[in-house]
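> Got a structure for you, final31.cif, holding mmCIF, C-alpha atoms.
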```cif
data_protein
#
loop_
_atom_site.label_atom_id
_atom_site.label_comp_id
_atom_site.auth_asym_id
_atom_site.auth_seq_id
_atom_site.Cartn_x
_atom_site.Cartn_y
_atom_site.Cartn_z
CA MET A 11 -35.26 -11.68 -3.97
CA ASN A 12 -35.66 -12.26 -0.29
CA GLN A 13 -33.72 -10.09 2.08
CA ARG A 14 -31.93 -12.14 4.71
CA THR A 15 -32.47 -10.85 8.20
CA ALA A 16 -29.53 -10.26 10.50
CA PRO A 17 -28.86 -7.86 13.33
CA VAL A 18 -27.52 -4.55 12.01
CA VAL A 19 -25.42 -2.96 14.71
CA GLU A 20 -23.08 0.02 14.91
CA SER A 21 -19.56 -1.36 14.45
CA THR A 22 -17.33 1.72 14.53
CA VAL A 23 -16.02 1.05 18.03
CA SER A 24 -15.57 -2.64 17.22
CA PHE A 25 -13.51 -1.80 14.13
CA LEU A 26 -11.32 0.64 16.07
CA THR A 27 -10.85 -1.99 18.79
CA HIS A 28 -10.21 -5.04 16.60
CA GLY A 29 -8.74 -3.53 13.43
CA TYR A 30 -8.02 -6.11 10.75
CA ALA A 31 -9.82 -8.88 12.62
CA TRP A 32 -13.12 -6.96 12.86
CA LEU A 33 -14.68 -7.86 9.52
CA PRO A 34 -13.50 -11.51 9.31
CA ASP A 35 -14.71 -12.02 12.91
CA LEU A 36 -18.09 -10.48 12.07
CA ARG A 37 -18.48 -12.75 9.05
CA ARG A 38 -17.61 -15.82 11.11
CA HIS A 39 -19.98 -14.78 13.89
CA LEU A 40 -22.89 -14.33 11.47
CA ARG A 41 -21.78 -17.31 9.32
CA GLU A 42 -22.27 -15.30 6.15
CA ASN A 43 -20.02 -14.09 3.33
CA THR A 44 -22.08 -10.92 2.95
CA VAL A 45 -22.97 -9.03 6.12
CA GLN A 46 -24.62 -5.72 6.89
CA THR A 47 -23.61 -3.42 9.71
CA ARG A 48 -23.18 0.30 10.37
CA LEU A 49 -20.00 2.37 10.31
CA ALA A 50 -19.99 5.97 11.55
CA GLY A 51 -23.79 5.82 11.59
CA ARG A 52 -24.11 4.69 7.95
CA THR A 53 -25.41 1.39 6.61
CA ALA A 54 -22.50 -0.69 5.34
CA THR A 55 -22.63 -3.95 3.39
CA ALA A 56 -19.44 -6.02 3.46
CA LEU A 57 -18.70 -8.30 0.50
CA HIS A 58 -16.23 -11.18 0.36
CA GLY A 59 -14.61 -13.36 -2.30
CA PRO A 60 -13.38 -13.15 -5.92
CA ASP A 61 -16.92 -12.84 -7.33
CA ALA A 62 -17.51 -9.96 -4.92
CA VAL A 63 -14.30 -8.29 -6.17
CA ARG A 64 -15.67 -8.26 -9.71
CA PHE A 65 -19.03 -6.97 -8.46
CA PHE A 66 -17.39 -4.26 -6.33
CA TYR A 67 -15.19 -2.89 -9.13
CA ASP A 68 -18.05 -2.66 -11.65
CA GLU A 69 -18.88 1.07 -11.81
CA ARG A 70 -22.51 0.19 -12.51
CA HIS A 71 -22.61 -1.17 -8.95
CA VAL A 72 -20.12 0.71 -6.80
CA VAL A 73 -18.60 4.17 -7.19
CA ARG A 74 -15.72 5.78 -5.35
CA ARG A 75 -16.58 9.50 -5.65
CA SER A 76 -17.57 10.74 -2.16
CA ALA A 77 -17.12 7.23 -0.76
CA LEU A 78 -13.82 7.87 0.98
CA PRO A 79 -14.19 9.44 4.44
CA ALA A 80 -12.83 12.97 4.69
CA PRO A 81 -10.13 11.97 7.22
CA VAL A 82 -8.77 9.39 4.73
CA VAL A 83 -8.78 11.88 1.85
CA ASP A 84 -7.11 14.56 3.97
CA THR A 85 -4.25 12.26 4.98
CA LEU A 86 -3.70 9.36 2.60
CA PHE A 87 -4.85 10.48 -0.88
CA GLY A 88 -5.38 14.24 -0.90
CA ARG A 89 -8.30 16.28 -2.24
CA GLY A 90 -8.98 15.67 -5.93
CA ALA A 91 -6.92 12.46 -6.13
CA VAL A 92 -7.57 9.78 -8.75
CA GLN A 93 -8.74 7.33 -6.06
CA ALA A 94 -11.90 9.40 -5.50
CA LEU A 95 -12.86 9.80 -9.18
CA ASP A 96 -15.20 7.83 -11.44
CA GLY A 97 -16.09 7.83 -15.13
CA PRO A 98 -14.14 9.75 -17.81
CA GLU A 99 -12.19 11.83 -15.27
CA HIS A 100 -10.99 8.69 -13.54
CA ARG A 101 -10.02 6.99 -16.79
CA ALA A 102 -8.05 10.00 -18.04
CA ARG A 103 -6.18 10.40 -14.75
CA LYS A 104 -5.62 6.65 -14.45
CA ALA A 105 -4.06 6.58 -17.92
CA LEU A 106 -1.37 8.94 -16.59
CA PHE A 107 -0.53 6.62 -13.70
CA LEU A 108 -0.51 3.55 -15.93
CA THR A 109 1.98 5.27 -18.22
CA LEU A 110 4.23 6.28 -15.34
CA LEU A 111 4.05 3.19 -13.12
CA THR A 112 3.62 0.19 -15.40
CA GLY A 113 5.76 -1.31 -18.12
CA GLU A 114 9.18 -2.88 -18.00
CA ALA A 115 11.31 0.25 -18.51
CA PRO A 116 9.95 2.57 -15.78
CA VAL A 117 9.68 -0.23 -13.22
CA ALA A 118 13.21 -1.48 -13.95
CA SER A 119 14.57 2.05 -13.71
CA LEU A 120 13.02 2.59 -10.27
CA VAL A 121 14.16 -0.83 -9.04
CA GLU A 122 17.72 -0.04 -10.13
CA ARG A 123 17.66 3.29 -8.26
CA VAL A 124 16.32 1.66 -5.11
CA GLY A 125 19.00 -1.03 -5.32
CA THR A 126 21.75 1.58 -5.62
CA GLU A 127 20.39 3.57 -2.67
CA TRP A 128 19.91 0.41 -0.58
CA ASP A 129 23.48 -0.77 -1.15
CA ALA A 130 24.88 2.63 -0.17
CA ALA A 131 22.65 2.85 2.90
CA SER A 132 23.43 -0.66 4.10
CA ARG A 133 27.15 0.14 4.03
CA ALA A 134 26.41 3.18 6.21
CA TRP A 135 24.30 1.05 8.58
CA ALA A 136 27.41 -1.01 9.31
CA GLN A 137 28.90 2.08 10.95
CA GLN A 138 25.98 2.42 13.40
CA PRO A 139 25.32 0.38 16.56
CA ALA A 140 21.76 -0.43 15.45
CA VAL A 141 19.25 0.64 12.79
CA GLU A 142 15.46 0.66 12.84
CA LEU A 143 14.83 -1.05 9.52
CA PHE A 144 11.38 0.44 8.90
CA ARG A 145 12.48 4.06 9.17
CA ALA A 146 15.79 3.46 7.41
CA THR A 147 13.97 1.77 4.51
CA SER A 148 11.52 4.66 4.21
CA VAL A 149 14.46 7.04 3.77
CA VAL A 150 16.04 4.79 1.12
CA LEU A 151 12.78 4.54 -0.80
CA THR A 152 12.03 8.26 -0.56
CA ARG A 153 15.47 9.23 -1.81
CA ALA A 154 15.24 6.71 -4.68
CA VAL A 155 11.71 7.49 -5.86
CA CYS A 156 12.29 11.24 -5.73
CA GLY A 157 15.42 10.87 -7.83
CA TRP A 158 13.58 8.60 -10.27
CA ALA A 159 10.60 10.95 -10.53
CA GLY A 160 12.67 14.11 -10.99
CA VAL A 161 11.57 15.55 -7.64
CA PRO A 162 14.35 17.74 -6.15
CA LEU A 163 15.23 16.50 -2.67
CA PRO A 164 17.93 18.40 -0.79
CA ALA A 165 19.90 16.17 1.55
CA GLU A 166 18.80 18.15 4.60
CA GLU A 167 15.12 17.55 3.71
CA THR A 168 15.34 13.81 3.01
CA VAL A 169 14.50 12.49 6.48
CA GLN A 170 11.67 14.99 7.01
CA THR A 171 10.20 14.12 3.62
CA ALA A 172 10.42 10.39 4.34
CA ASP A 173 8.81 10.88 7.74
CA ASP A 174 5.99 12.88 6.14
CA MET A 175 5.35 10.19 3.52
CA VAL A 176 5.16 7.57 6.26
CA ALA A 177 2.92 9.77 8.42
CA MET A 178 0.35 10.15 5.62
CA VAL A 179 -0.06 6.39 5.49
CA ASP A 180 0.28 5.74 9.21
CA GLY A 181 -2.43 8.21 10.22
CA PHE A 182 -5.18 7.62 7.68
CA ALA A 183 -7.24 5.07 9.66
CA THR A 184 -7.02 6.43 13.16
CA ALA A 185 -7.96 9.35 15.36
CA GLY A 186 -5.81 11.38 17.72
CA PRO A 187 -2.14 12.36 17.43
CA ARG A 188 -1.28 10.01 14.52
CA HIS A 189 -4.09 11.47 12.44
CA TRP A 190 -3.18 15.10 13.11
CA HIS A 191 0.48 14.37 12.45
CA ALA A 192 -0.61 12.93 9.08
CA ARG A 193 -2.64 16.04 8.24
CA ARG A 194 0.29 18.33 9.04
CA ALA A 195 2.59 16.16 6.93
CA ARG A 196 0.21 16.33 3.95
CA ILE A 197 -0.21 20.10 4.20
CA ARG A 198 3.57 20.55 4.35
CA GLN A 199 4.27 18.30 1.36
CA GLU A 200 1.37 19.55 -0.77
CA LYS A 201 2.67 23.11 -0.37
CA ARG A 202 6.16 21.99 -1.39
CA PHE A 203 4.90 19.98 -4.38
CA GLU A 204 2.72 22.89 -5.56
CA GLU A 205 5.89 24.98 -5.81
CA LEU A 206 7.56 22.18 -7.78
CA ILE A 207 4.58 21.89 -10.16
CA ARG A 208 4.64 25.66 -10.74
CA ALA A 209 8.37 25.55 -11.49
CA GLU A 210 7.94 22.64 -13.94
CA ARG A 211 5.21 24.48 -15.84
CA GLU A 212 7.29 27.63 -16.07
CA ALA A 213 10.25 25.61 -17.34
CA ALA A 214 8.03 23.90 -19.92
CA GLU A 215 6.73 27.26 -21.16
CA ARG A 216 10.26 28.58 -21.55
CA ALA A 217 11.31 25.46 -23.45
CA ALA A 218 8.25 25.65 -25.70
CA GLY A 219 9.05 29.28 -26.50
CA ARG A 220 12.58 28.34 -27.55
CA ASN A 221 11.84 25.12 -29.42
CA GLY A 222 8.24 25.50 -30.51
CA ALA A 223 7.24 22.35 -28.64
CA GLY A 224 6.84 21.26 -25.07
CA PRO A 225 9.71 19.25 -23.55
CA GLN A 226 9.64 15.59 -22.69
CA GLY A 227 11.02 14.87 -19.26
CA SER A 228 10.54 13.55 -15.78
CA VAL A 229 7.62 11.97 -14.00
CA LEU A 230 7.11 15.26 -12.17
CA ARG A 231 6.89 17.13 -15.48
CA ALA A 232 4.48 14.54 -16.91
CA VAL A 233 2.14 15.16 -13.97
CA ALA A 234 2.58 18.93 -14.21
CA LEU A 235 1.61 18.91 -17.90
CA HIS A 236 -1.09 16.26 -17.73
CA ARG A 237 -4.44 17.25 -19.18
CA GLY A 238 -7.73 15.87 -17.93
CA ALA A 239 -10.66 14.27 -19.71
CA TYR A 240 -11.71 17.61 -21.21
CA GLY A 241 -8.27 18.89 -22.21
CA GLU A 242 -7.61 21.09 -19.20
CA LEU A 243 -4.44 21.24 -17.12
CA LEU A 244 -4.92 20.11 -13.55
CA ASP A 245 -4.96 22.98 -11.08
CA GLU A 246 -1.68 23.30 -9.17
CA HIS A 247 -3.05 21.74 -6.00
CA THR A 248 -4.48 18.67 -7.75
CA ALA A 249 -1.28 18.21 -9.75
CA ALA A 250 0.70 18.37 -6.50
CA VAL A 251 -1.62 15.78 -4.96
CA GLU A 252 -1.10 13.42 -7.89
CA ALA A 253 2.68 13.90 -7.89
CA LEU A 254 2.60 12.95 -4.21
CA ASN A 255 0.50 9.94 -5.19
CA VAL A 256 3.46 8.71 -7.19
CA VAL A 257 6.03 9.24 -4.44
CA ARG A 258 4.02 8.29 -1.34
CA PRO A 259 2.96 4.75 -2.43
CA ALA A 260 6.54 3.84 -3.36
CA THR A 261 7.68 4.97 0.09
CA ALA A 262 4.87 2.87 1.62
CA VAL A 263 6.66 -0.24 0.33
CA ALA A 264 8.65 0.17 3.58
CA TRP A 265 5.79 -1.66 5.31
CA TYR A 266 6.26 -4.68 3.06
CA VAL A 267 10.05 -4.57 3.37
CA VAL A 268 9.89 -4.74 7.16
CA PHE A 269 7.34 -7.57 6.85
CA ALA A 270 9.78 -9.39 4.54
CA ALA A 271 12.52 -8.97 7.16
CA HIS A 272 10.11 -10.22 9.83
CA ALA A 273 9.39 -13.33 7.72
CA LEU A 274 13.09 -13.99 7.14
CA HIS A 275 13.70 -13.71 10.89
CA ARG A 276 10.87 -16.05 11.85
CA TRP A 277 11.42 -18.54 9.01
CA PRO A 278 15.11 -18.30 8.04
CA GLN A 279 14.82 -21.28 5.65
CA HIS A 280 13.62 -18.78 3.03
CA ARG A 281 16.99 -17.02 3.01
CA ALA A 282 18.82 -19.62 0.93
CA PRO A 283 16.72 -19.50 -2.27
CA LEU A 284 16.58 -15.71 -2.09
CA ARG A 285 20.33 -15.50 -1.51
CA ALA A 286 20.80 -17.73 -4.56
CA ARG A 287 18.90 -15.07 -6.56
CA ASP A 288 16.21 -17.52 -7.62
CA ALA A 289 13.97 -15.10 -9.54
CA ALA A 290 10.89 -17.32 -9.41
CA TYR A 291 11.27 -17.79 -5.66
CA ALA A 292 11.78 -14.06 -5.10
CA GLU A 293 8.54 -13.36 -6.98
CA ALA A 294 6.67 -16.00 -4.97
CA PHE A 295 8.14 -14.66 -1.73
CA ALA A 296 6.97 -11.12 -2.59
CA HIS A 297 3.44 -12.33 -3.30
CA GLU A 298 3.32 -14.32 -0.05
CA VAL A 299 4.52 -11.35 2.00
CA ARG A 300 1.69 -9.29 0.51
CA ARG A 301 -0.85 -12.04 1.16
CA PHE A 302 0.23 -13.09 4.65
CA TYR A 303 0.92 -9.76 6.32
CA PRO A 304 -1.85 -7.18 6.95
CA PHE A 305 -1.86 -3.92 5.04
CA VAL A 306 -5.38 -2.82 3.98
CA PRO A 307 -8.30 -4.20 6.06
CA PHE A 308 -10.99 -3.38 3.49
CA ILE A 309 -11.81 -1.08 0.57
CA VAL A 310 -14.78 1.34 0.68
CA GLY A 311 -17.21 2.40 -2.06
CA LEU A 312 -20.78 3.66 -2.41
CA ALA A 313 -23.70 1.76 -3.95
CA ALA A 314 -24.48 3.48 -7.27
CA ARG A 315 -28.12 2.35 -6.98
CA GLU A 316 -30.08 -0.20 -4.99
CA LEU A 317 -28.16 -3.45 -5.40
CA HIS A 318 -28.82 -7.10 -4.66
CA TRP A 319 -25.98 -9.45 -3.79
CA GLU A 320 -26.19 -12.94 -2.28
CA GLY A 321 -29.72 -12.35 -1.00
CA VAL A 322 -28.90 -8.99 0.59
CA THR A 323 -30.38 -5.68 -0.55
CA VAL A 324 -27.79 -2.92 -0.61
CA PRO A 325 -29.44 0.53 -0.29
CA GLU A 326 -28.54 3.19 -2.84
CA HIS A 327 -25.68 5.47 -1.68
CA SER A 328 -24.91 3.22 1.30
CA LEU A 329 -21.36 2.07 2.06
CA VAL A 330 -20.04 -1.05 0.36
CA LEU A 331 -16.96 -2.70 1.88
CA LEU A 332 -14.70 -5.22 0.16
CA ASP A 333 -13.12 -7.57 2.69
CA VAL A 334 -9.41 -7.48 1.78
CA TYR A 335 -7.72 -8.98 4.84
CA GLY A 336 -10.36 -11.70 5.15
CA GLN A 337 -10.03 -12.73 1.51
CA ASN A 338 -6.24 -12.93 1.71
CA HIS A 339 -6.65 -15.36 4.64
CA ASP A 340 -9.63 -17.34 3.37
CA PRO A 341 -8.96 -21.11 3.66
CA ALA A 342 -11.21 -21.69 0.65
CA LEU A 343 -8.66 -19.78 -1.45
CA TRP A 344 -5.44 -20.42 0.49
CA PRO A 345 -4.89 -23.82 2.17
CA HIS A 346 -3.42 -23.24 5.64
CA PRO A 347 -3.81 -19.46 5.24
CA TYR A 348 -1.95 -18.59 8.46
CA ALA A 349 1.15 -20.49 7.35
CA PHE A 350 3.78 -18.42 5.55
CA ASP A 351 4.42 -20.44 2.39
CA PRO A 352 5.85 -18.80 -0.76
CA ALA A 353 5.60 -22.19 -2.52
CA ARG A 354 1.89 -21.56 -3.03
CA PHE A 355 2.90 -19.05 -5.73
CA LEU A 356 5.64 -21.09 -7.41
CA GLY A 357 4.75 -21.98 -10.97
CA ARG A 358 1.69 -19.76 -11.09
CA GLN A 359 0.66 -16.13 -10.96
CA PRO A 360 -2.13 -15.21 -8.54
CA GLY A 361 -5.51 -14.62 -10.15
CA ARG A 362 -6.48 -11.00 -10.70
CA ASP A 363 -9.38 -11.13 -8.22
CA GLU A 364 -7.79 -13.71 -5.90
CA LEU A 365 -4.87 -11.91 -4.23
CA ILE A 366 -5.97 -8.35 -3.34
CA PRO A 367 -3.62 -6.83 -0.74
CA GLN A 368 -3.94 -3.37 -2.31
CA GLY A 369 -7.39 -3.88 -3.81
CA GLY A 370 -8.57 -5.76 -6.88
CA GLY A 371 -10.24 -5.28 -10.25
CA ASP A 372 -8.96 -4.34 -13.68
CA PRO A 373 -5.59 -2.53 -13.66
CA HIS A 374 -7.17 0.01 -16.05
CA GLY A 375 -9.97 0.60 -13.55
CA HIS A 376 -9.63 1.27 -9.82
CA ARG A 377 -6.95 -1.33 -9.10
CA CYS A 378 -3.78 0.21 -7.67
CA PRO A 379 -1.48 1.04 -10.63
CA GLY A 380 1.57 0.71 -8.37
CA GLU A 381 1.25 -3.04 -7.79
CA ASP A 382 3.89 -3.87 -10.41
CA VAL A 383 6.24 -1.43 -8.70
CA THR A 384 5.48 -2.86 -5.25
CA VAL A 385 6.16 -6.45 -6.31
CA ALA A 386 9.32 -5.54 -8.22
CA LEU A 387 10.75 -3.49 -5.34
CA LEU A 388 9.88 -6.16 -2.81
CA ARG A 389 11.53 -8.84 -4.96
CA SER A 390 14.72 -6.82 -5.24
CA VAL A 391 14.97 -5.67 -1.62
CA SER A 392 14.04 -9.11 -0.20
CA THR A 393 16.93 -10.62 -2.17
CA ARG A 394 19.26 -8.00 -0.76
CA LEU A 395 17.96 -8.55 2.78
CA ALA A 396 18.54 -12.29 2.49
CA GLY A 397 22.10 -11.65 1.32
CA MET A 398 22.94 -9.32 4.20
CA ASP A 399 24.65 -10.42 7.39
CA TYR A 400 22.92 -8.83 10.38
CA ASP A 401 21.75 -9.62 13.88
CA VAL A 402 18.25 -9.03 15.23
CA PRO A 403 18.57 -8.00 18.89
CA ARG A 404 15.88 -8.98 21.33
CA GLN A 405 12.90 -6.63 20.86
CA ASP A 406 9.12 -6.51 20.55
CA LEU A 407 8.36 -7.92 17.10
CA ALA A 408 4.63 -8.34 17.72
CA ILE A 409 2.38 -7.06 14.92
CA PRO A 410 -0.79 -5.65 16.53
CA LEU A 411 -3.89 -6.24 14.40
CA ARG A 412 -5.78 -3.35 15.98
CA HIS A 413 -3.23 -0.85 14.60
CA VAL A 414 -4.09 0.07 10.98
CA PRO A 415 -1.79 0.09 9.09
CA THR A 416 0.26 -2.16 11.29
CA ARG A 417 3.92 -3.16 11.48
CA PRO A 418 6.25 -4.72 14.07
CA ARG A 419 6.09 -2.59 17.21
CA SER A 420 9.85 -2.12 17.31
CA GLY A 421 10.15 -1.18 13.64
CA LEU A 422 12.49 -4.21 13.48
CA VAL A 423 15.87 -3.12 14.76
CA ILE A 424 18.93 -4.74 13.18
CA SER A 425 22.65 -4.57 13.86
CA VAL A 426 24.86 -4.76 10.78
CA PRO A 427 28.51 -5.74 11.28
CA PRO A 428 31.15 -3.92 9.19
CA SER A 429 31.83 -7.13 7.27
CA HIS A 430 28.22 -7.53 6.09
CA ALA A 431 29.26 -7.35 2.44
CA ALA A 432 31.19 -10.61 2.88
CA PRO A 433 29.41 -13.95 2.19
CA PRO A 434 26.62 -14.10 4.78
CA ARG A 435 26.87 -16.36 7.78
CA THR A 436 23.84 -18.43 8.72
CA ARG A 437 22.26 -17.37 12.01
CA ASN A 438 19.57 -19.71 13.27
CA ARG A 439 18.42 -17.62 16.19
CA ARG A 440 15.00 -18.24 17.69
CA PRO A 441 12.49 -15.47 16.96
CA ASP A 442 11.57 -13.34 19.94
CA ARG A 443 7.87 -13.20 19.11
#
```
Re-express the file's structure as structure tokens.


Amino acid sequence: MNQRTAPVVESTVSFLTHGYAWLPDLRRHLRENTVQTRLAGRTATALHGPDAVRFFYDERHVVRRSALPAPVVDTLFGRGAVQALDGPEHRARKALFLTLLTGEAPVASLVERVGTEWDAASRAWAQQPAVELFRATSVVLTRAVCGWAGVPLPAEETVQTADDMVAMVDGFATAGPRHWHARRARIRQEKRFEELIRAEREAAERAAGRNGAGPQGSVLRAVALHRGAYGELLDEHTAAVEALNVVRPATAVAWYVVFAAHALHRWPQHRAPLRARDAAYAEAFAHEVRRFYPFVPFIVGLAARELHWEGVTVPEHSLVLLDVYGQNHDPALWPHPYAFDPARFLGRQPGRDELIPQGGGDPHGHRCPGEDVTVALLRSVSTRLAGMDYDVPRQDLAIPLRHVPTRPRSGLVISVPPSHAAPPRTRNRRPDR
């Protein structure tokens, strides 16, 4: 196989400068689907397209162990998390998450809790002059997912916990104050969750002594009592990390909620079918929000051995990138990709390796097990947003592509009148940005 020749340049500064646009721009500049570059001094091969998704998620080709940069592990996932495992350990840990986060009953239960918390919060918002929707949503989601998971959350700790969950996501792909704020947030929450894991195990031991069998219970207890591939309990720190990896991703749905509100503000014609509780349209709207708006720029792995893909030799143990943002805006997959159009998902489900906002692959492999939860929550909250009566004051609604993960600069501030529970009035105001 002939190796194509192309300039291999250090791209770290370019990525930090251009964010989501970096990899799609590099591909367009080189006129190739597969490109080689360097990130943080390491050779990196970037792959693109559904076939590349299947190639990337084949453990014979790409592995995740040691692939994630330390700053990402120390903020977003935590040391020992399932995202950095391969082989039997990964499969055993993934089975836990699939049990907790997939299936009709657990998803419906969480959606119901979020709906209850949202309705209560939105009534309270009507008593305030204005509300930053992003932060307010993160509090709603944190309160709901903690209640659903059996994680004690005193009222006085709710806002701090929500802010910490947001900080872990907001600071994973950057340097400077955001990153150090994320590290402090993770340390604080890991310490708290270790105490919760210890308490759950002690309670389980007491119950087993009384009844002769271990108790069945909450999500938190399921994580606390989970045994790995070789029958061992997770150490307290790793169990705390994985309990956080249930709560934190659900809170991160706040990014998609504020994107949904941004879409409804810019294109208010989507309010009517959502307000009518058209389930098929709500599903399509959720998928289009996840496709259209930027969340993950790319996924990182390591070449398990020397690989060959589309005429490019990928050195063993070098970085392999999967182009997420570029694929979700590829005109070969999505006609008019920069048009927001939920109709593209009406009457069909997106292919497994086609729409990859949170990664791709087999749900039993490295694909995010929380996708079902994300889509279900976004469906439910988008319907509620469309049914609310609120104003969007003039503000900076720009979404900077160099900021990873990004969101509207203002956090999307809304003003909810006391009568918002009444039938909504149509407001055809021009978007500010």

> I'd like the residues picked by the PyMOL selection byres ((chain A and resi 148) around 8) written out as an mmCIF file with C-alpha atoms, keeping the file's coordinate frame, using the chain letters and numbers from the file.


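The new file result12.cif reads:
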```cif
data_model
loop_
_atom_site.group_PDB
_atom_site.id
_atom_site.type_symbol
_atom_site.label_atom_id
_atom_site.label_comp_id
_atom_site.auth_asym_id
_atom_site.auth_seq_id
_atom_site.Cartn_x
_atom_site.Cartn_y
_atom_site.Cartn_z
ATOM 1 C CA PHE A 144 11.380 0.440 8.900
ATOM 2 C CA ARG A 145 12.480 4.060 9.170
ATOM 3 C CA ALA A 146 15.790 3.460 7.410
ATOM 4 C CA THR A 147 13.970 1.770 4.510
ATOM 5 C CA VAL A 149 14.460 7.040 3.770
ATOM 6 C CA VAL A 150 16.040 4.790 1.120
ATOM 7 C CA LEU A 151 12.780 4.540 -0.800
ATOM 8 C CA THR A 152 12.030 8.260 -0.560
ATOM 9 C CA ALA A 172 10.420 10.390 4.340
ATOM 10 C CA ASP A 173 8.810 10.880 7.740
ATOM 11 C CA VAL A 176 5.160 7.570 6.260
ATOM 12 C CA THR A 261 7.680 4.970 0.090
ATOM 13 C CA ALA A 262 4.870 2.870 1.620
ATOM 14 C CA VAL A 263 6.660 -0.240 0.330
ATOM 15 C CA ALA A 264 8.650 0.170 3.580
#
```

> Choose the residue, out of A:Val306, A:Ala292, A:Ala56, A:Ala130, that has the smallest atom-to-atom separation from Arg389 of chain A; count only C-alpha atoms.

A:Ala292

> Taking (-10.0, -13.9, 4.7) in the coordinates of the supplied file, I want to know which residues reach to within 12 Å of it, counting only C-alpha atoms; could you give the answer as number ranges by chain?

A: 30-38, 43, 57-60, 301-304, 307-308, 332-348, 364-367

> Between A:Leu26, A:Met175, A:Ala239, A:Ala408, which one has atoms that come closest to Pro98 of chain A, using all atoms listed in the file?

A:Ala239

> What's the separation between atom CA of Pro325 of chain A and atom CA of Phe305 of chain A, in Å to one decimal place?

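Separating atom CA of Pro325 of chain A from atom CA of Phe305 of chain A is a distance of 28.4 Å.
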
> Nearest to Gly311 of chain A among A:Val324, A:Leu49, A:Val257, A:Val330, with distances taken over all atoms listed in the file: which residue is it?

A:Val330

> Nearest to Glu114 of chain A among A:Asp382, A:Leu356, A:Gly88, A:Glu210, with distances taken over all atoms listed in the file: which residue is it?

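The shortest atom-to-atom distance to Glu114 of chain A comes from A:Asp382.
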
> Measure the distance from atom CA of Ala234 of chain A to atom CA of Thr112 of chain A in Å and round it to one decimal.

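Straight-line distance from atom CA of Ala234 of chain A to atom CA of Thr112 of chain A works out to 18.8 Å.
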
> With all atoms listed in the file as the atoms that count, which of A:Ala250, A:Ala217, A:Leu395, A:Val23 lies nearest to Arg89 of chain A?

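Nearest to Arg89 of chain A: A:Ala250.
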
> List as a list in words the protein and nucleic acid residues near Phe182 of chain A, meaning an atom at most 7 Å away when all atoms listed in the file are counted, but skip any in the same chain fewer than 2 places from it.

Pro81, Val82, Thr85, Leu86, Met178, Val179, Asp180, Thr184 and His189 of chain A

> Any chance you can output those residues with C-alpha atoms as a JSON list (two decimals), in the frame of the given file?


```json
[["chain", "number", "residue", "atom", "x", "y", "z"],
["A", 81, "PRO", "CA", -10.13, 11.97, 7.22],
["A", 82, "VAL", "CA", -8.77, 9.39, 4.73],
["A", 85, "THR", "CA", -4.25, 12.26, 4.98],
["A", 86, "LEU", "CA", -3.70, 9.36, 2.60],
["A", 178, "MET", "CA", 0.35, 10.15, 5.62],
["A", 179, "VAL", "CA", -0.06, 6.39, 5.49],
["A", 180, "ASP", "CA", 0.28, 5.74, 9.21],
["A", 184, "THR", "CA", -7.02, 6.43, 13.16],
["A", 189, "HIS", "CA", -4.09, 11.47, 12.44]]
```

> For the structure shown, which residues end up in the PyMOL selection byres ((chain A and resi 238) around 12)? Put them as a list in words, please?

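This file, filtered by the PyMOL selection byres ((chain A and resi 238) around 12), leaves Val92, Leu95, Gly97, Pro98, Glu99, His100, Arg101, Ala102, Arg103, Lys104, Ala105, Leu106, Val233, Ala234, Leu235, His236, Arg237, Ala239, Tyr240, Gly241, Glu242, Leu243, Leu244, Asp245, Thr248 and Ala249 of chain A.
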